[in-house]
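Heads up, the thing below is written out as C-alpha cells.
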Amino acid sequence: MEKVIGIDLGTTNSCVAIVENGTPVVIPNRGGYKTTPSMVAVTEAGKRLVGHIAKRQAITNAENTVYAAKRLIGRKWNSPQVKNAVATSSYRIVEGPHNDVRIVLRDKEYSVPEISAMVLQEMKVIAEDYLGEPVSKAVVTVPAYFNDNQRQATKDAGEIAGLEVIRIINEPTAAALSYGFGRNIEKTVAVYDFGGGTFDISILEIGAHGVFKVIATAGDTFLGGEDIDARIIDWLVQGFKEEHGIDLRQDRMALQRLKDAAEKAKCELSGVRETEVNLPFIISSGRNEALHLQRTLTRETLEELSDDLTERTVDICRQTLEDARLGKDEIEEVILVGGMTRMPKIQTAVATFFAKEPNKGVHPDEVVALGAAIQGAALVDDKQEMVLLDVTPHALGIMTFGSYFEELIPQNTTVPTHRTKIFTTSRDNQTAVKILVMQGESQRAEENELLGEFILTGLRRAPKGQVEIEVTFEINADGIVSVKAKDLETGLEQSIQVTATSGLTRDEIKQMVEDAKDDLLDRRTSEEFEGARQEAEKLIAEIQKLFPQVEQIVATSDFGRDAIEKAKSIVDKANQAIEKREASLVKEQIEGLTRTHRMFKGVVAKT
Ligand code: AMP
C-alpha cells in the first residue's frame, strides 16, 4: 500500500510521522530528534539551511534566517498581522506582487509558501531516509482557525515541496485522532493546543467505531509561545535601557540573542523556579565599552508578564464551550497539545478552568503528526474504520449593501453542508449584482477575509427590492466552497467555485516546484559527495599515517616498492576525484583505498 506521511508543520517546530504495521510512529531526523525547527536560512555562500543547522546559526545570520513563517502564510500584505511581523522580525518582509508577502534572503525574494515548502521538503527527506523509498503523499495539519486562504497556501507549500497533500486536517482534530486511535472509547474531549505561534481549542465527540466529530473550534492564529518570549524580551530590553540608557532593539544581532535567551529562560522556568539570563558582550556603549546583560528571571515574574495571554486562552475556551452548548462538567478529558502546555501556569490555568486535571498521556510535540499519519493511512486503506466530521472554523457569507457581512453558514457547522438565503436588489433598475464571498466573524465586511467574487448580470429592470436573488453556499467534504446566485423570477443562474488563494499564481507555483526539485537534487548530490569525501579522506589519512612504517619494512623488495607506488597513485587519484567534487569518481576510488589500507595494516601488524 502507498505510504502517506503525516506532517505537523508547526510555527516553531515540525514533526513527521507514519503508520507502520498499524502503529503510528514519529520519524526522527538524522540528529535523532523527533522534531525539527521550522527555520530556514541562506548562508553568505548562498547555501540553504533548514532545521537544526539553520537554528544554530540564527544569531550570527539573523537577517537571513526565517522563523515562524507560519504566521505569515496565506496572509495579505496589508493585514495587521503582517504589519506586526514586519516590525518585529529580524528578517526582511516585503510586499509581493499580488498583495501577498515576500521574504528577502540574501537579496532574493521568496514567497511564504516557498519557505514553508523548504521545511516540508526537509520533513519529506527525513521520512524518505527512514523508509528508504520515495514518499509523495502527505496529510498536513493546520491550526483549526486557519481560513481558506491559509489552508490553500499550506497546500501550495506541499506542492512546491513535491508532495501531494491529500488532506489538510486541523491540528486539534489530529490530536484527538491520535488520542482515540484504537481505543474504542466514547468520550467528549477538549483539545487545548498552545504552540509557538497559535492557540486553538476544539471540542470533539469521540464515538464508537472510530467516529470523530468536532463540535466546536476556535482560536487565535496570533497568540503563541512567541508572544510570551516577546514579553520576556520587552522586560529585558526595558531593564537594560533603565540601567544603561541603550535600546537593544536597534541591534538585530542583539535582538536575536535576546530572542534565543528569552525562549530558553521560558522553557527552563517550566522546570525550575528561577533562572539567570546571561548575555555577555551584548552591545557596546558609546565609549566602545562592551556591555553585558545579566538578570535573574523568576517563574513568578514570567507568570505575571504573561498573565493576560494565559487568560486570553481561557477566555477562548469559555467562548468555545458556550458555542458548543456544553458545560465544563460535560468535558470528560482535556488533552494538552503544543510545547507551551509544558508551562506549569498554563497547566494550572487549564485545570482550574475545566475543573479537572488534563490528560498527560499524550506527547504534546508528537501527537499532531501522529494524528495526521493516522488520517493519512485511513485515507489509503479502505479497511480502516474511521470517520472524521469536522466543522467550518469561520462563518461564511457575503457582503451586502452598506458593507455589512451577511452570514450564510455559521461558524462550527459540520461539513459538508449547504445553505440558501434570499436577497433583494438595493437600487432601482439594478441589472447587475456583485457577490463578494467572505469568511469571518465580524459584522463589518472589510474586517473579514475575502475569498472570491463574481458578478450576476442580466437582471431584469425593476424598482429596488423587487428582484429576488437566491444565494446558495455549499461546502463539500474537502472543504471546497461553491456559491450559486439565481434570479428567482427569470431563473438566471451563475455560480463560482471559490478558490482560495495563497497569493501565488499557478505559473509561479509551477516554477517554484521546479526550483525546489533542482535544490533537492543539488542537496542530494552534495550530500552524496560529502559522504564519499569523508570516507575517502579518512582512509587517505590512515594510509598516510602508515606510509613511513610500511616504506621502511618493504622498501628492500621490488614487490614492496611496486606496492608503495601503486598505493601512492591510488591516493593521488582519490585526491583528484575529491578536488573535482564528483561523488561517483570519489566512490570509484574508495575500494582501492580500502584495499591499500587493509594491506598496509597487514604489513605493519606482521612486524
Ligand atoms: P510547538 O509549536 O507546539 O512546537 O510549541 C513550541 C512552543 O513551545 C515554543 O514557544 C517553545 O518555546 C514552547 N516550549 C517548548 N518547550 C517548553 C517548555 N518546556 N516550557 C515552556 N514552553 C516550552
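Letters A, B, ... mark the chains of the C-alpha cells in the order given; residue numbers begin at 1 per chain; ligand numbers begin at 1, in order shown.
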
Next item on the list: Counting only C-alpha atoms and all ligand atoms, name the residues that have an atom within 6 Å of an atom of ligand 1; the answer should be given as a PyMOL selection string.
Entry: chain A and resi 10-13+195-196+225-226+263+266-267+270+338-340+342-343+365

Next item on the list: Quick one: pick out all strand (DSSP E) residues within range 429-517 of chain A from a backbone DSSP run and write them as a PyMOL selection string.
Entry: chain A and resi 433-439+449-456+468-475+481-487+493-498

Next item on the list: Check the DSSP output for the backbone and give back, as a PyMOL selection string, the residues of range 265-476 of chain A in alpha helix (DSSP H).
Entry: chain A and resi 265-268+299-305+307-323+344-354+367-380

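Every protein, DNA or RNA residue with an atom at most 9 Å from Ala567 in chain A, where only C-alpha atoms count and chain neighbours fewer than 3 positions away do not, is listed here: Ile543, Asp562, Ala563, Ile564, Ile570, Val571, Asp572, Gly592, Leu593, Thr596 and His597 of chain A.
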
Item checked: Non-local contacts of Val513 in chain A (10 Å; only C-alpha atoms; under 4 positions in same chain excluded) as a PyMOL selection string -> chain A and resi 114+117+156-163+507-509+517-519

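Put simply, CA of Val214 in chain A is 15.2 Å away from CA of Thr141 in chain A.
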
Next item on the list: Tell me which protein, DNA and RNA residues are within 10 Å of range 311-317 of chain A, counting only C-alpha atoms, leaving out same-chain ones fewer than 6 positions away, and put them as a PyMOL selection string.
Entry: chain A and resi 190-194+199-203+217-220+223-224+323+328+346+349-350+352-354

Determine, for each residue of range 474-536 of chain A having at least one atom at most 10 Å from an atom of range 411-431 of chain A, the closest pair of atoms and their separation in Å to one decimal, counting only C-alpha atoms; order by chain and ascending number, as a tab-separated table.
```
residue	atom	partner	partner_atom	distance
A:Glu474	CA	A:His418	CA	4.2
A:Ile475	CA	A:Pro416	CA	5.3
A:Asn476	CA	A:Pro416	CA	4.6
A:Ala477	CA	A:Pro416	CA	5.0
A:Asp478	CA	A:Pro416	CA	8.1
A:Gly479	CA	A:Val415	CA	7.3
A:Ile480	CA	A:Pro416	CA	9.2
A:Val481	CA	A:His418	CA	9.4
A:Ser482	CA	A:His418	CA	9.3
A:Val483	CA	A:His418	CA	9.5
A:Lys484	CA	A:Thr420	CA	9.2
A:Ala485	CA	A:Ile422	CA	9.4
A:Lys486	CA	A:Ile422	CA	9.3
A:Asp487	CA	A:Thr424	CA	9.5
A:Leu488	CA	A:Ile422	CA	9.0
```

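Using only C-alpha atoms, the residues found no farther than 8 Å from Ala54 in chain A, other than those of its own chain fewer than 2 positions away, are A:Met39, A:Val40, A:Ala41, A:Leu49, A:Val50, A:Gly51, A:His52, A:Arg56, A:Gln57, A:Ala58, A:Thr65.
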
For the residues in the current selection, export N, CA and C atoms as a compact mmCIF listing (two decimals), in the first residue's frame.
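Listed below is the output, again_10.txt:
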```txt
# COMPACT_ATOMS: atom_id res chain seq x y z
N MET A 39 12.80 26.35 10.66
CA MET A 39 13.64 27.50 10.34
C MET A 39 14.39 27.27 9.05
N VAL A 40 14.56 28.35 8.30
CA VAL A 40 15.23 28.28 7.01
C VAL A 40 16.22 29.43 6.95
N ALA A 41 17.42 29.16 6.43
CA ALA A 41 18.39 30.25 6.31
C ALA A 41 19.16 30.11 5.01
N LEU A 49 19.96 26.38 4.36
CA LEU A 49 19.97 25.53 5.56
C LEU A 49 18.54 25.43 6.09
N VAL A 50 18.18 24.23 6.55
CA VAL A 50 16.84 24.04 7.10
C VAL A 50 16.95 23.25 8.41
N GLY A 51 16.14 23.61 9.38
CA GLY A 51 16.07 22.84 10.62
C GLY A 51 17.11 23.23 11.64
N HIS A 52 17.67 22.21 12.31
CA HIS A 52 18.62 22.49 13.40
C HIS A 52 19.80 23.32 12.93
N ARG A 56 20.99 26.86 14.56
CA ARG A 56 22.28 27.04 15.21
C ARG A 56 23.00 28.31 14.75
N GLN A 57 22.77 28.72 13.50
CA GLN A 57 23.49 29.90 13.02
C GLN A 57 22.62 31.16 13.02
N ALA A 58 21.44 31.05 13.64
CA ALA A 58 20.49 32.17 13.57
C ALA A 58 21.04 33.47 14.16
N THR A 65 17.75 34.50 8.29
CA THR A 65 17.20 33.29 8.90
C THR A 65 15.72 33.52 9.19
```
